[in-house]
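*Asks:* Below you'll find start_3.tsv; it's TSV, C-alpha atoms and all ligand atoms.
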```tsv
chain	number	residue	atom	x	y	z
A	623	MET	CA	-79.14	114.17	-45.74
A	624	SER	CA	-82.73	114.74	-44.54
A	625	LYS	CA	-84.71	111.60	-43.70
A	626	PRO	CA	-87.07	111.94	-46.71
A	627	GLY	CA	-83.89	112.44	-48.74
A	628	VAL	CA	-82.57	109.05	-47.57
A	629	LEU	CA	-85.67	107.31	-48.94
A	630	ASP	CA	-85.48	109.21	-52.22
A	631	ASP	CA	-81.78	108.48	-52.76
A	632	LEU	CA	-82.26	105.29	-54.82
A	633	PRO	CA	-78.57	104.50	-55.51
A	634	ALA	CA	-78.02	104.38	-51.72
A	635	TYR	CA	-80.54	101.51	-51.34
A	636	ALA	CA	-78.05	98.95	-52.69
A	637	ALA	CA	-75.89	99.08	-49.55
A	638	VAL	CA	-78.83	98.24	-47.23
A	639	ASP	CA	-80.83	96.06	-49.60
A	640	PRO	CA	-78.26	93.90	-51.39
A	641	HIS	CA	-80.89	91.26	-52.23
A	642	ARG	CA	-83.11	93.79	-54.03
A	643	THR	CA	-86.12	93.16	-51.81
A	644	CYS	CA	-87.64	96.23	-53.46
A	645	ASP	CA	-87.86	94.34	-56.76
A	646	VAL	CA	-89.66	91.46	-55.04
A	647	LEU	CA	-92.15	93.86	-53.46
A	648	SER	CA	-92.65	95.67	-56.77
A	649	ALA	CA	-93.35	92.30	-58.40
A	650	PHE	CA	-95.93	91.32	-55.76
A	651	PRO	CA	-98.94	92.25	-57.95
A	652	ALA	CA	-97.51	90.12	-60.78
A	653	GLN	CA	-96.89	87.32	-58.29
A	654	CYS	CA	-100.56	87.46	-57.26
A	655	ARG	CA	-101.74	87.40	-60.86
A	656	ALA	CA	-99.52	84.40	-61.65
A	657	ALA	CA	-100.61	82.63	-58.47
A	658	VAL	CA	-104.28	82.79	-59.43
A	659	GLY	CA	-103.40	80.44	-62.30
A	660	ILE	CA	-101.62	77.80	-60.20
A	661	GLU	CA	-103.56	74.55	-60.22
A	662	THR	CA	-103.77	72.02	-57.46
A	663	ARG	CA	-102.82	68.53	-58.60
A	664	GLY	CA	-104.91	65.58	-57.41
A	665	LEU	CA	-107.77	67.46	-55.75
A	666	PRO	CA	-109.14	65.54	-52.79
A	667	VAL	CA	-112.47	63.85	-53.44
A	668	ILE	CA	-114.56	64.81	-50.45
A	669	LYS	CA	-118.02	65.92	-49.67
A	670	ARG	CA	-118.41	69.33	-48.09
A	671	PRO	CA	-115.88	69.48	-45.22
A	672	ARG	CA	-117.09	70.25	-41.73
A	673	VAL	CA	-114.02	72.41	-41.08
A	674	VAL	CA	-111.01	73.67	-43.02
A	675	VAL	CA	-107.72	73.58	-41.10
A	676	ILE	CA	-104.78	75.55	-42.49
A	677	ALA	CA	-101.49	74.60	-40.84
A	678	GLY	CA	-98.60	77.01	-41.30
A	679	MET	CA	-96.10	79.16	-39.47
A	680	GLY	CA	-94.96	82.76	-39.89
A	681	GLY	CA	-95.26	84.05	-43.45
A	682	SER	CA	-96.98	80.87	-44.59
A	683	ALA	CA	-99.60	81.08	-41.82
A	684	ALA	CA	-100.35	84.63	-43.03
A	685	ALA	CA	-101.95	83.09	-46.13
A	686	GLY	CA	-104.27	81.16	-43.82
A	687	ASP	CA	-105.13	84.33	-41.91
A	688	LEU	CA	-106.09	86.04	-45.16
A	689	ILE	CA	-108.27	83.08	-46.16
A	690	GLY	CA	-109.84	83.18	-42.71
A	691	ALA	CA	-110.54	86.92	-42.99
A	692	CYS	CA	-112.27	86.45	-46.36
A	693	ALA	CA	-114.09	83.31	-45.26
A	694	GLY	CA	-115.55	85.17	-42.30
A	695	GLU	CA	-117.70	87.15	-44.75
A	696	HIS	CA	-118.52	84.42	-47.27
A	697	LEU	CA	-118.40	80.88	-45.89
A	698	GLU	CA	-120.48	78.86	-43.45
A	699	VAL	CA	-117.68	76.35	-42.98
A	700	PRO	CA	-115.23	77.44	-40.26
A	701	VAL	CA	-111.59	78.02	-41.16
A	702	VAL	CA	-109.07	77.29	-38.41
A	703	VAL	CA	-105.50	78.54	-38.81
A	704	HIS	CA	-103.20	76.22	-36.88
A	705	ARG	CA	-99.77	77.47	-35.82
A	706	GLY	CA	-97.99	74.64	-34.07
A	707	TYR	CA	-97.08	70.97	-34.09
A	708	GLY	CA	-99.63	68.31	-34.95
A	709	LEU	CA	-103.25	69.24	-35.54
A	710	PRO	CA	-105.98	70.68	-33.30
A	711	SER	CA	-108.59	68.27	-32.02
A	712	VAL	CA	-111.18	69.73	-34.40
A	713	ALA	CA	-109.24	68.10	-37.26
A	714	TRP	CA	-110.97	64.74	-37.27
A	715	ASP	CA	-113.70	63.33	-39.47
A	716	ASP	CA	-114.77	65.49	-42.41
A	717	ALA	CA	-111.96	67.98	-41.92
A	718	LEU	CA	-109.95	69.25	-44.88
A	719	VAL	CA	-106.32	70.03	-44.05
A	720	PHE	CA	-103.94	72.36	-45.85
A	721	ALA	CA	-100.25	72.12	-44.94
A	722	VAL	CA	-98.68	75.37	-46.06
A	723	SER	CA	-94.94	75.96	-45.91
A	724	TYR	CA	-93.07	77.96	-48.50
A	725	SER	CA	-89.73	76.28	-47.77
A	726	GLY	CA	-91.47	72.94	-47.27
A	727	ASP	CA	-89.18	72.14	-44.37
A	728	THR	CA	-90.88	73.76	-41.40
A	729	ALA	CA	-91.01	71.20	-38.60
A	730	GLU	CA	-94.43	72.18	-37.25
A	731	VAL	CA	-96.08	71.99	-40.68
A	732	LEU	CA	-94.46	68.66	-41.49
A	733	SER	CA	-95.82	67.28	-38.23
A	734	ALA	CA	-99.29	68.61	-39.11
A	735	ALA	CA	-99.10	66.92	-42.52
A	736	ALA	CA	-97.96	63.66	-40.94
A	737	MET	CA	-100.85	63.76	-38.47
A	738	ALA	CA	-103.36	64.47	-41.23
A	739	ARG	CA	-102.12	61.37	-43.06
A	740	MET	CA	-102.22	59.31	-39.89
A	741	ARG	CA	-105.84	60.35	-39.31
A	742	GLY	CA	-106.70	59.63	-42.95
A	743	LEU	CA	-107.78	63.23	-43.61
A	744	PRO	CA	-107.76	64.78	-47.06
A	745	LEU	CA	-104.54	66.78	-47.30
A	746	VAL	CA	-103.45	69.56	-49.65
A	747	VAL	CA	-99.85	70.75	-49.49
A	748	VAL	CA	-98.88	74.22	-50.69
A	749	THR	CA	-95.13	74.67	-51.00
A	750	ALA	CA	-92.16	75.62	-53.13
A	751	GLY	CA	-90.07	72.58	-52.22
A	752	GLY	CA	-88.47	70.68	-49.35
A	753	ALA	CA	-89.92	67.65	-47.59
A	754	LEU	CA	-93.47	68.86	-48.19
A	755	ALA	CA	-92.93	68.83	-51.97
A	756	ALA	CA	-91.58	65.29	-51.63
A	757	LEU	CA	-94.79	64.34	-49.81
A	758	ALA	CA	-96.76	65.62	-52.79
A	759	ALA	CA	-95.62	62.56	-54.73
A	760	GLU	CA	-97.41	60.26	-52.25
A	761	PRO	CA	-100.85	58.87	-53.11
A	762	ARG	CA	-103.88	60.80	-51.84
A	763	VAL	CA	-101.89	63.99	-51.26
A	764	ALA	CA	-103.04	66.95	-53.33
A	765	SER	CA	-100.47	69.63	-54.03
A	766	ALA	CA	-99.99	73.13	-55.31
A	767	LEU	CA	-96.31	73.57	-56.11
A	768	VAL	CA	-95.34	77.22	-56.36
A	769	PRO	CA	-92.19	78.96	-57.64
A	770	GLY	CA	-89.32	79.21	-55.14
A	771	GLY	CA	-86.57	81.73	-54.50
A	772	LEU	CA	-88.47	84.19	-52.31
A	773	MET	CA	-88.64	84.84	-48.61
A	774	PRO	CA	-91.82	83.09	-47.35
A	775	ARG	CA	-93.29	86.33	-46.02
A	776	MET	CA	-92.88	87.85	-49.48
A	777	ALA	CA	-94.58	84.90	-51.20
A	778	LEU	CA	-98.05	85.62	-49.83
A	779	GLY	CA	-99.60	85.63	-53.31
A	780	TYR	CA	-98.18	82.22	-54.13
A	781	LEU	CA	-99.46	80.83	-50.84
A	782	PHE	CA	-102.87	82.49	-50.68
A	783	PHE	CA	-104.27	82.05	-54.20
A	784	PRO	CA	-103.72	78.27	-54.53
A	785	ILE	CA	-105.65	77.79	-51.28
A	786	TRP	CA	-108.41	80.06	-52.57
A	787	ARG	CA	-108.49	78.17	-55.88
A	788	THR	CA	-108.55	74.74	-54.23
A	789	LEU	CA	-111.40	75.74	-51.95
A	790	ARG	CA	-113.30	77.13	-54.90
A	791	ALA	CA	-112.88	73.88	-56.82
A	792	LEU	CA	-114.43	72.15	-53.80
A	793	ASP	CA	-117.36	74.55	-53.89
A	794	LEU	CA	-116.16	76.60	-50.94
A	795	GLU	CA	-115.99	80.19	-52.14
A	796	VAL	CA	-114.08	82.56	-49.86
A	797	ALA	CA	-113.82	85.28	-52.51
A	798	THR	CA	-115.61	85.64	-55.84
A	799	VAL	CA	-113.80	86.02	-59.15
A	800	ASN	CA	-114.88	89.68	-59.12
A	801	ASP	CA	-113.32	90.08	-55.66
A	802	ILE	CA	-110.09	88.64	-57.01
A	803	ASP	CA	-110.10	90.93	-60.06
A	804	GLU	CA	-110.68	93.94	-57.87
A	805	ALA	CA	-107.91	92.98	-55.44
A	806	LEU	CA	-105.44	92.44	-58.29
A	807	GLY	CA	-106.25	95.84	-59.77
A	808	VAL	CA	-105.86	97.53	-56.38
A	809	VAL	CA	-102.43	96.05	-55.66
A	810	GLU	CA	-101.27	96.82	-59.21
A	811	THR	CA	-102.10	100.50	-58.69
A	812	MET	CA	-100.42	100.46	-55.29
A	813	GLY	CA	-97.31	98.81	-56.75
A	814	ARG	CA	-96.84	101.86	-58.94
A	815	GLU	CA	-97.63	104.37	-56.19
A	816	LEU	CA	-95.46	102.88	-53.43
A	817	ALA	CA	-92.34	101.92	-55.39
A	818	PRO	CA	-89.01	103.55	-54.46
A	819	ASN	CA	-89.04	105.79	-57.55
A	820	GLN	CA	-92.08	107.61	-56.13
A	821	PRO	CA	-90.75	110.39	-53.88
A	822	ALA	CA	-91.65	110.55	-50.21
A	823	VAL	CA	-93.86	113.55	-50.74
A	824	VAL	CA	-96.38	111.41	-52.68
A	825	ASN	CA	-95.49	107.93	-51.42
A	826	GLU	CA	-97.76	106.80	-48.56
A	827	ALA	CA	-95.46	103.97	-47.42
A	828	LYS	CA	-92.39	106.21	-47.30
A	829	ARG	CA	-94.33	108.81	-45.35
A	830	LEU	CA	-95.53	106.19	-42.88
A	831	ALA	CA	-92.00	104.87	-42.34
A	832	LEU	CA	-90.76	108.41	-41.76
A	833	ALA	CA	-93.56	109.03	-39.27
A	834	VAL	CA	-92.80	105.83	-37.33
A	835	GLU	CA	-89.01	106.17	-37.39
A	836	GLY	CA	-87.50	106.34	-33.91
A	837	ARG	CA	-90.59	104.89	-32.23
A	838	TRP	CA	-92.15	101.46	-31.82
A	839	PRO	CA	-94.96	100.82	-34.25
A	840	THR	CA	-98.19	99.80	-32.56
A	841	ILE	CA	-100.83	98.64	-34.99
A	842	TYR	CA	-104.52	98.21	-34.29
A	843	GLY	CA	-107.18	97.01	-36.69
A	844	GLY	CA	-110.85	96.18	-36.48
A	845	PRO	CA	-112.59	92.81	-36.90
A	846	LEU	CA	-111.29	92.44	-40.50
A	847	THR	CA	-108.06	94.42	-40.27
A	848	GLY	CA	-106.98	92.97	-36.91
A	849	ALA	CA	-105.45	90.01	-38.75
A	850	VAL	CA	-103.67	92.48	-41.02
A	851	ALA	CA	-102.39	94.39	-37.96
A	852	TYR	CA	-100.68	91.19	-36.85
A	853	ARG	CA	-99.15	90.84	-40.30
A	854	TRP	CA	-97.81	94.44	-40.07
A	855	LYS	CA	-96.25	93.57	-36.72
A	856	THR	CA	-94.44	90.53	-38.14
A	857	ASP	CA	-93.32	92.48	-41.21
A	858	PHE	CA	-91.92	95.24	-38.99
A	859	GLU	CA	-90.11	92.59	-36.94
A	860	GLU	CA	-88.71	90.57	-39.85
A	861	ASN	CA	-88.07	93.33	-42.39
A	862	ALA	CA	-87.16	96.34	-40.24
A	863	LYS	CA	-85.89	94.30	-37.27
A	864	THR	CA	-87.83	96.33	-34.75
A	865	PHE	CA	-90.22	95.42	-31.94
A	866	ALA	CA	-93.81	96.09	-32.85
A	867	LEU	CA	-97.13	95.64	-31.06
A	868	ALA	CA	-100.45	94.70	-32.61
A	869	GLY	CA	-104.02	94.22	-31.52
A	870	ALA	CA	-107.62	94.49	-32.62
A	871	LEU	CA	-110.73	96.39	-31.66
A	872	PRO	CA	-112.91	95.77	-29.81
A	873	GLU	CA	-110.72	93.40	-27.75
A	874	MET	CA	-107.93	95.93	-27.06
A	875	ASN	CA	-110.53	98.22	-25.47
A	876	HIS	CA	-110.77	95.63	-22.71
A	877	ASN	CA	-107.05	95.35	-21.84
A	878	SER	CA	-104.25	97.08	-23.83
A	879	ILE	CA	-105.97	100.44	-23.56
A	880	GLU	CA	-104.78	100.62	-19.92
A	881	ALA	CA	-101.13	100.50	-20.99
A	882	TRP	CA	-101.42	103.77	-22.92
A	883	ARG	CA	-99.88	106.11	-20.38
A	884	ALA	CA	-97.18	108.76	-20.43
A	885	PRO	CA	-94.24	108.67	-20.57
A	886	LEU	CA	-93.79	105.19	-22.13
A	887	ALA	CA	-96.60	105.64	-24.68
A	888	GLY	CA	-94.58	108.55	-26.06
A	889	GLY	CA	-92.17	105.98	-27.50
A	890	LEU	CA	-94.94	104.32	-29.52
A	891	HIS	CA	-96.39	105.31	-32.87
A	892	LEU	CA	-100.02	104.34	-33.23
A	893	LEU	CA	-101.05	103.01	-36.63
A	894	LEU	CA	-104.78	102.50	-37.08
A	895	LEU	CA	-105.86	100.23	-39.94
A	896	ARG	CA	-109.21	101.59	-41.03
A	897	ASP	CA	-111.61	100.09	-43.47
A	898	ASP	CA	-114.79	101.42	-45.04
A	899	GLY	CA	-116.53	98.15	-44.23
A	900	GLU	CA	-116.23	98.82	-40.48
A	901	ALA	CA	-119.47	98.49	-38.53
A	902	PRO	CA	-120.68	101.74	-36.89
A	903	GLU	CA	-119.87	100.35	-33.43
A	904	ILE	CA	-116.25	99.78	-34.46
A	905	ARG	CA	-116.00	103.19	-36.09
A	906	HIS	CA	-117.23	104.73	-32.85
A	907	ARG	CA	-114.68	102.78	-30.82
A	908	PHE	CA	-111.84	103.99	-33.10
A	909	GLU	CA	-112.94	107.59	-32.52
A	910	ILE	CA	-112.95	107.11	-28.74
A	911	LEU	CA	-109.56	105.38	-28.93
A	912	LYS	CA	-108.04	108.28	-30.86
A	913	ASP	CA	-109.42	110.70	-28.33
A	914	LEU	CA	-108.14	108.73	-25.33
A	915	VAL	CA	-104.63	107.81	-26.45
A	916	GLY	CA	-103.86	110.26	-29.26
A	917	GLY	CA	-102.49	112.75	-26.75
A	918	VAL	CA	-100.04	110.39	-25.06
A	919	ALA	CA	-98.85	108.44	-28.13
A	920	GLY	CA	-95.60	109.62	-29.73
A	921	GLY	CA	-97.54	109.90	-32.98
A	922	MET	CA	-100.63	108.54	-34.67
A	923	THR	CA	-101.49	107.78	-38.30
A	924	GLU	CA	-104.61	106.27	-39.84
A	925	CYS	CA	-104.21	104.02	-42.86
A	926	ARG	CA	-107.20	103.37	-45.11
A	927	ALA	CA	-107.90	100.09	-46.87
A	928	ARG	CA	-108.65	100.40	-50.57
A	929	GLY	CA	-111.39	98.77	-52.60
A	930	HIS	CA	-114.81	97.37	-51.75
A	931	GLY	CA	-114.48	93.60	-51.50
A	932	VAL	CA	-113.02	92.10	-48.37
A	933	LEU	CA	-109.98	90.72	-50.21
A	934	ALA	CA	-109.07	94.07	-51.80
A	935	ARG	CA	-109.47	95.78	-48.44
A	936	ALA	CA	-107.33	93.28	-46.56
A	937	LEU	CA	-104.70	92.79	-49.27
A	938	SER	CA	-104.28	96.53	-49.90
A	939	LEU	CA	-103.41	97.04	-46.24
A	940	VAL	CA	-101.09	94.02	-46.22
A	941	TYR	CA	-99.24	95.46	-49.21
A	942	LEU	CA	-99.00	98.91	-47.61
A	943	GLY	CA	-97.50	97.28	-44.51
A	944	GLN	CA	-94.94	95.38	-46.58
A	945	TRP	CA	-93.70	98.57	-48.18
A	946	THR	CA	-93.81	100.57	-44.94
A	947	SER	CA	-91.71	98.00	-43.07
A	948	TYR	CA	-89.36	97.89	-46.08
A	949	TYR	CA	-88.78	101.65	-45.96
A	950	LEU	CA	-88.33	101.53	-42.19
A	951	ALA	CA	-85.61	98.92	-42.76
A	952	ILE	CA	-83.89	101.26	-45.21
A	953	LEU	CA	-84.11	104.18	-42.77
A	954	ARG	CA	-82.67	102.06	-39.97
A	955	GLY	CA	-79.96	100.57	-42.16
A	956	ASN	CA	-81.20	96.98	-41.69
A	957	ASP	CA	-81.17	94.48	-44.56
A	958	PRO	CA	-84.93	93.85	-45.13
A	959	TRP	CA	-84.35	90.41	-46.66
A	960	SER	CA	-82.21	88.36	-44.28
A	961	VAL	CA	-83.55	86.86	-41.06
A	962	PRO	CA	-80.39	85.52	-39.38
A	963	GLN	CA	-81.92	84.83	-35.95
A	964	LEU	CA	-84.81	82.91	-37.46
A	965	ASP	CA	-82.38	80.90	-39.60
A	966	GLU	CA	-80.21	80.18	-36.57
A	967	ILE	CA	-83.14	78.72	-34.60
A	968	LYS	CA	-84.00	76.45	-37.53
A	969	ARG	CA	-80.34	75.42	-37.89
A	970	ARG	CA	-80.02	74.52	-34.20
A	971	LEU	CA	-83.29	72.57	-34.19
A	972	HIS	CA	-82.17	70.68	-37.25
A	973	HIS	CA	-78.88	69.70	-35.65
A	974	ALA	CA	-80.27	68.89	-32.21
B	1001	LIG	C1	-89.35	84.22	-43.41
B	1001	LIG	C2	-90.71	84.13	-42.88
B	1001	LIG	C3	-90.95	83.19	-41.76
B	1001	LIG	C4	-91.34	81.82	-42.30
B	1001	LIG	C5	-91.49	80.79	-41.18
B	1001	LIG	C6	-91.97	79.45	-41.69
B	1001	LIG	O1	-89.37	85.03	-44.55
B	1001	LIG	O2	-91.59	84.78	-43.33
B	1001	LIG	O3	-91.95	83.73	-40.93
B	1001	LIG	O4	-92.54	81.92	-43.02
B	1001	LIG	O5	-90.29	80.62	-40.53
B	1001	LIG	O6	-91.24	79.03	-42.79
B	1001	LIG	P1	-92.01	78.52	-44.08
B	1001	LIG	O7	-92.90	79.64	-44.50
B	1001	LIG	O8	-90.95	78.22	-45.08
B	1001	LIG	O9	-92.75	77.32	-43.65
```
Represent the structure contained in this file as structure tokens.
*Replies:*
Amino acid sequence: MSKPGVLDDLPAYAAVDPHRTCDVLSAFPAQCRAAVGIETRGLPVIKRPRVVVIAGMGGSAAAGDLIGACAGEHLEVPVVVHRGYGLPSVAWDDALVFAVSYSGDTAEVLSAAAMARMRGLPLVVVTAGGALAALAAEPRVASALVPGGLMPRMALGYLFFPIWRTLRALDLEVATVNDIDEALGVVETMGRELAPNQPAVVNEAKRLALAVEGRWPTIYGGPLTGAVAYRWKTDFEENAKTFALAGALPEMNHNSIEAWRAPLAGGLHLLLLRDDGEAPEIRHRFEILKDLVGGVAGGMTECRARGHGVLARALSLVYLGQWTSYYLAILRGNDPWSVPQLDEIKRRLHHA
């Protein structure tokens, strides 16, 4: 069967995707809409924080990255996404700490939450269960408890919107209600356009997966979409089980650009995450980049963000990446749901 044929043969998906990841991705817009309504219990009583620290790992940290991307355009208070044990030294007086872990059992996030309590900082936990949910019962811990049963990386809506809502309740607006409405509308439209029942000929995510197949995806974004490029990389790794590279302009112009040489670059497929909000300097740099490396790359595709607001632009690209990595998993015959290596590391750490 031709490669596009593989992606359009829906009955064949069951063998590669026994957990029906495609249904979870199709339900992502509904997840986002539901998540907007999730309330945080026991909001911390604080004056305007000096800094917001969001502690999380992997798929849960991605929610922090998205908050950070939106905050960059709207908020004077800095947002620091912390991936690791404990808390950064900036998390002292007047800091607001979010501990975000979908499973609620991630060691690094639990240690961040413990340190926040030790330092007497206002703490908000966002989780679907585990030890973090148990912590939510403690005094002076605010919590947003979200529905479980998903893979953390596929629960981005449940993790992002409660943080947004909590910040808003504290007078820290990282996206307006209009921005949220727009973003929800955009992902709803995309959910219909990118679903498996849309044939490859009209399905952008299937076409991207087919273009990348057989090469290593290398994703570059700009100042806003650079964070999304990293998310594409991790989705390619976890869903399709392939190596992927990611970076951002302008920084990659000062280092990675030198690595783009034949013949190795021929094994890479360049994916450029473009966004209508790009500054002219960044647009110019993308054009030069295409000119310099387009000839040596195995292939190159530009992907356009949708919408006007920063959230719609970022989230539309995140959603496109989720579907693209899903279809690449199907093409490569890899179950897009399970992450056995990741689970094994957690199991060994737990039993050490
Ligand atoms: C698995 C995934 C991982 C997890 C990470 C942290 O689907 O996305 O990157 O997010 O291992 O686990 P949680 O999110 O449960 O704290």
*Asks:* Taking all atoms listed in the file into account, name the residue in A:Ala649, A:Leu830, A:Val722, A:Leu629 that is nearest to Pro774 in chain A.
*Replies:*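 Ranking A:Ala649, A:Leu830, A:Val722, A:Leu629 by distance to Pro774 in chain A, first place goes to A:Val722.
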*Asks:* Can you tell me how far CA of Pro633 in chain A sits from CA of Arg954 in chain A, in Å to one decimal?
*Replies:*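 A separation of 16.3 Å between them.
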*Asks:* Could you check the closest approach to Gly931 in chain A for each of A:Ala738, A:Val808, A:Ile660, A:Ile668 and tell me which residue wins, using only C-alpha atoms?
*Replies:*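 The closest residue to Gly931 in chain A is A:Val808.
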*Asks:* Using only C-alpha atoms, I'd like a table of the residues in range 633-706 of chain A that come within 9 Å of range 940-951 of chain A; for each, show the closest atom pair and its distance in Å rounded to one decimal, ordered by chain and ascending number, as CSV.
*Replies:*
```
residue,atom,partner,partner_atom,distance
A:Val638,CA,A:Ala951,CA,8.1
A:Asp639,CA,A:Ala951,CA,8.8
A:Thr643,CA,A:Tyr948,CA,8.1
A:Cys644,CA,A:Tyr948,CA,7.8
A:Leu647,CA,A:Trp945,CA,7.2
A:Phe650,CA,A:Tyr941,CA,8.4
```
*Asks:* Please identify all protein, DNA and RNA residues within 10 Å of ligand LIG 1001 (chain B), counting all atoms listed in the file, and report them as a ChimeraX atom specification.
*Replies:* /A:677-685,705,721-732,748-752,754,772-778,781,856-857,859-861,958-962,964-965,967-968
*Asks:* Return the single residue from A:Asp898, A:Leu890, A:Leu745, A:Leu816 that is closest to Leu757 in chain A, with distances computed using all atoms listed in the file.
*Replies:*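 Closest to Leu757 in chain A, using all atoms listed in the file: A:Leu745.
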*Asks:* Would you work out the distance separating CA of Pro710 in chain A from CA of Val674 in chain A, expressed in Å to one decimal?
*Replies:*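 These atoms are spaced 11.3 Å apart.
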*Asks:* Between CA of Pro671 in chain A and CA of Thr798 in chain A, what is the spacing in Å?
*Replies:* 19.3 Å
*Asks:* Between A:Arg670, A:Arg814, A:Arg905, A:Arg926, which has the minimum distance to Arg790 in chain A (counting all atoms listed in the file)?
*Replies:*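 So, comparing all the options, the nearest one is A:Arg670.
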*Asks:* Just the residues within 12 Å of Val824 in chain A, please, counting only C-alpha atoms, with nothing from its chain fewer than 5 positions along; format it as a list of chain:residue names.
*Replies:*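 Residues meeting the cut-off are A:Pro626, A:Asp630, A:Met812, A:Arg814, A:Glu815, A:Leu816, A:Ala817, A:Pro818, A:Asn819, A:Arg829, A:Leu830.
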*Asks:* Please provide the set of residues having any atom within 12 Å of Leu939 in chain A, restricted to only C-alpha atoms, with same-chain residues fewer than 5 positions apart removed, written as number ranges by chain.
*Replies:* A: 688, 805, 808-809, 812, 826-827, 841, 843, 846-854, 893-897, 924-929, 932-934, 944-946
*Asks:* I need the chosen residues saved as an mmCIF file, in the coordinates of the input, with C-alpha atoms.
*Replies:*
```cif
data_model
loop_
_atom_site.group_PDB
_atom_site.id
_atom_site.type_symbol
_atom_site.label_atom_id
_atom_site.label_comp_id
_atom_site.auth_asym_id
_atom_site.auth_seq_id
_atom_site.Cartn_x
_atom_site.Cartn_y
_atom_site.Cartn_z
ATOM 1 C CA LEU A 688 -106.090 86.040 -45.160
ATOM 2 C CA ALA A 805 -107.910 92.980 -55.440
ATOM 3 C CA VAL A 808 -105.860 97.530 -56.380
ATOM 4 C CA VAL A 809 -102.430 96.050 -55.660
ATOM 5 C CA MET A 812 -100.420 100.460 -55.290
ATOM 6 C CA GLU A 826 -97.760 106.800 -48.560
ATOM 7 C CA ALA A 827 -95.460 103.970 -47.420
ATOM 8 C CA ILE A 841 -100.830 98.640 -34.990
ATOM 9 C CA GLY A 843 -107.180 97.010 -36.690
ATOM 10 C CA LEU A 846 -111.290 92.440 -40.500
ATOM 11 C CA THR A 847 -108.060 94.420 -40.270
ATOM 12 C CA GLY A 848 -106.980 92.970 -36.910
ATOM 13 C CA ALA A 849 -105.450 90.010 -38.750
ATOM 14 C CA VAL A 850 -103.670 92.480 -41.020
ATOM 15 C CA ALA A 851 -102.390 94.390 -37.960
ATOM 16 C CA TYR A 852 -100.680 91.190 -36.850
ATOM 17 C CA ARG A 853 -99.150 90.840 -40.300
ATOM 18 C CA TRP A 854 -97.810 94.440 -40.070
ATOM 19 C CA LEU A 893 -101.050 103.010 -36.630
ATOM 20 C CA LEU A 894 -104.780 102.500 -37.080
ATOM 21 C CA LEU A 895 -105.860 100.230 -39.940
ATOM 22 C CA ARG A 896 -109.210 101.590 -41.030
ATOM 23 C CA ASP A 897 -111.610 100.090 -43.470
ATOM 24 C CA GLU A 924 -104.610 106.270 -39.840
ATOM 25 C CA CYS A 925 -104.210 104.020 -42.860
ATOM 26 C CA ARG A 926 -107.200 103.370 -45.110
ATOM 27 C CA ALA A 927 -107.900 100.090 -46.870
ATOM 28 C CA ARG A 928 -108.650 100.400 -50.570
ATOM 29 C CA GLY A 929 -111.390 98.770 -52.600
ATOM 30 C CA VAL A 932 -113.020 92.100 -48.370
ATOM 31 C CA LEU A 933 -109.980 90.720 -50.210
ATOM 32 C CA ALA A 934 -109.070 94.070 -51.800
ATOM 33 C CA GLN A 944 -94.940 95.380 -46.580
ATOM 34 C CA TRP A 945 -93.700 98.570 -48.180
ATOM 35 C CA THR A 946 -93.810 100.570 -44.940
#
```
*Asks:* Give as a PyMOL selection string every residue, naming chains and numbers as the document does, that has an atom within 12 Å of (-104.9, 77.4, -56.6), counting only C-alpha atoms.
*Replies:* chain A and resi 654-665+720+746-749+764-768+779-792
